[in-house]
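Undergrad: Can you read through this structure? Questions will come right after.
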Amino acid sequence: MKFSDFNFEPGLQEGLDAMRFETPTPIQAQAIPIILDHKDLIAVAQTGTGKTAAFLLPILHKLAMEHTVTTNTLIIVPTRELALQIDQAVQGLSYFTGASSLAIYGGGDGMSFENEKRALTQGANIIIATPGRLMSHLNMGYVKFDKVQHFILDEADKMLDMGFVDDITKIANYLPKKRQSLMFSATMPPSIRSLAQRLLHHPEQISIAISKPAAGVTQAAYLVYDAQKNGLIKFILKEKEYASVLIFSSTKQKVKILHKELQQAGLKAKSIHSDLEQDEREEVLRGFRSKQTQILVATDILSRGIDIEDIGLVINYDLPNDAEDYIHRIGRTARASTKGEAITFLNEYDQFKFHKIEQLIEKEVEKRPLPAYLGEGPVYNPKARTKRPPMHKGKFRR
Ligand code: AMP
């Protein structure tokens with residue numbers, strides 16, 4: 001199958017050609033006909049599957065055919081990074097059709113709120129917003145959503161985890177009853193099903209390879225005590241040259257400490273976490289995308305949704321809380337059928353949890369020996385539920 005089989009409006013096809021998108025990914029092949037057919041849809045798909053274009057293409061096609069000037073599509077996302085990324089995808093795909101879009105997200109200054117207000121009042125074809133920020137605008141009364149035809153929830157499970165369910169329900173009340181609603185989620189827990197029941201109308205359902213890392217990722221793990229982790233990370237980074245390395249740690253404190261440690265070892269590293277201002281976060285991301293920054297240390301704010309190309313290596317400095325996060329983190333490498341490596345550090349407390357992840361992904365991950373000079377690591381005993389000694393409360397928060 002080729003994109004040309006969809007008979008998209010010629011300008012949209014031109015945009016696809018310019019981006020060298022020829023063959024639809026599985027989610028695109030399945031979702032596009034459903035969306036073109038004006039049906040509601042609930043899709044289980046991870047990032048990296050091409051889900052963004054799966055919902056944008058049919059909507060941009062309809063927009064190009066209708067030439068509307070009002071707000072036609074509302075996309076709700078969990079994070080500002082994802083809002084910006086979808087906005088950029090709209091700009092790229094609609095380059096020759098000229099849809100207008102606007103990303104609305106928190107964290108900017110008063111000036112950008114005013115800019116958003118002006119743009120919202122004038123209307124943009126596609127609005128991509130985080131729930132909290134959009135609610136602030138809706139509460140002021142100037143937003144007009146009476147012409148919205150498409151309502152999209154992206155990363156719905158993440159939004160529920162972040163406590164946005166009430167906001168989402170309120171936002172939906174501002175929209176016309178007669179609309180097309182699409183929901184994308186990496187997982188399908190009962191809470192998502194019940195949200196879908198409330199917001200969607202007889203949805204079609206598709207599910208794309210849930211809980212399986214991309215085939216191109218080579219996974220490995222080291223059994224390592226916490227005290228050995230910094231030595232090990234320097235060994236890995238010096239052993240082989242990678243153009244881009246993304247390191248995940250679970251708390252912002254740990255991210256900051258590791259960032260400093262790597263810099264002191266002469267490695268070109270930056271860090272990203274929720275303590276940075278929006279423009280600082282964007283600058284760090286720009287540097288990493290353009291390969292000026294080789295190593296980026298991040299909390300899980302980067303594990304989902306963010307599309308950065310050619311990350312050769314992802315390191316889990318510590319194990320994420322759940323299997324889905326593991327898959328999202330290592331999904332930052334090997335995007336769109338390239339090859340990449342993912343290395344996970346396992347201390348004595350994380351082995352049982354990692355064993356559960358291995359069961360979920362139906363794969364036993366290779367355990368590599370530590371370099372001899374770092375000494376012995378913990379013994380591998382995945383069945384033992386070794387408990388971590390209690391930590392001081394409030395010391396390690398995300
Ligand atoms: P997503 O899952 O939407 O984050 O997309 C993952 C990556 O795949 C992005 O870099 C897209 O630009 C790219 N992509 C999406 N669809 C295609 C396609 N049909 N052919 C090639 N690359 C694609």
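Each chain of the structure tokens is named A, B, ... in the order shown, its residues numbered from 1; ligands are numbered from 1 in display order.
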In segment 89-171 of chain A, what's helix (DSSP H, G or I) per DSSP? Answer as an MDAnalysis selection string?

TA: chainID A and resid 89:93 110:122 131:140 156:161 165:171

Undergrad: Excluding Met140 of chain A and any residue of its chain fewer than 6 positions from it, enumerate the residues within 12 Å of it, using only C-alpha atoms, and give them as a ChimeraX atom specification.

TA: /A:113-114,117,120-121,133-134

Undergrad: Could you take the residues named above and write them with N, CA and C atoms, as an mmCIF file, in the first residue's frame?

TA:
```cif
data_model
loop_
_atom_site.group_PDB
_atom_site.id
_atom_site.type_symbol
_atom_site.label_atom_id
_atom_site.label_comp_id
_atom_site.auth_asym_id
_atom_site.auth_seq_id
_atom_site.Cartn_x
_atom_site.Cartn_y
_atom_site.Cartn_z
ATOM 1 N N PHE A 113 0.299 34.150 26.970
ATOM 2 C CA PHE A 113 -1.128 33.938 27.259
ATOM 3 C C PHE A 113 -1.957 34.915 26.420
ATOM 4 N N GLU A 114 -1.477 36.160 26.365
ATOM 5 C CA GLU A 114 -2.182 37.171 25.559
ATOM 6 C C GLU A 114 -2.178 36.789 24.074
ATOM 7 N N LYS A 117 -4.569 34.104 23.563
ATOM 8 C CA LYS A 117 -5.930 34.635 23.640
ATOM 9 C C LYS A 117 -6.318 35.255 22.290
ATOM 10 N N LEU A 120 -6.742 32.526 19.757
ATOM 11 C CA LEU A 120 -7.968 31.748 20.024
ATOM 12 C C LEU A 120 -9.204 32.537 19.607
ATOM 13 N N THR A 121 -9.149 33.840 19.811
ATOM 14 C CA THR A 121 -10.291 34.678 19.449
ATOM 15 C C THR A 121 -10.440 34.736 17.934
ATOM 16 N N ARG A 133 -4.104 24.463 30.598
ATOM 17 C CA ARG A 133 -3.982 25.769 29.956
ATOM 18 C C ARG A 133 -5.241 26.099 29.150
ATOM 19 N N LEU A 134 -5.754 25.097 28.456
ATOM 20 C CA LEU A 134 -6.947 25.357 27.653
ATOM 21 C C LEU A 134 -8.127 25.722 28.559
#
```

Undergrad: I'd like to know which of A:Thr25, A:Tyr222, A:Ile236, A:Phe288 is closest to Glu376 of chain A, using only C-alpha atoms.

TA: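 Using only C-alpha atoms, Glu376 of chain A sits closest to A:Tyr222.
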
Undergrad: Of the candidates A:Ser100, A:Ser249, A:Gln85, A:Asn7, which shows the shortest atom-to-atom distance to ligand 1, using only C-alpha atoms and all ligand atoms?

TA: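 For ligand 1, the nearest of the given residues is A:Gln85.
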
Undergrad: Please identify which residues in segment 66-95 of chain A DSSP calls strand (DSSP E or B) from the backbone, and express them as a PyMOL selection string.

TA: chain A and resi 73-76

Undergrad: From the options A:Leu160, A:Ile42, A:Leu313, A:Ala89, which residue's atoms come nearest to ligand 1, counting only C-alpha atoms and all ligand atoms?

TA: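 Of A:Leu160, A:Ile42, A:Leu313, A:Ala89, the one nearest ligand 1 is A:Ala89, counting only C-alpha atoms and all ligand atoms.
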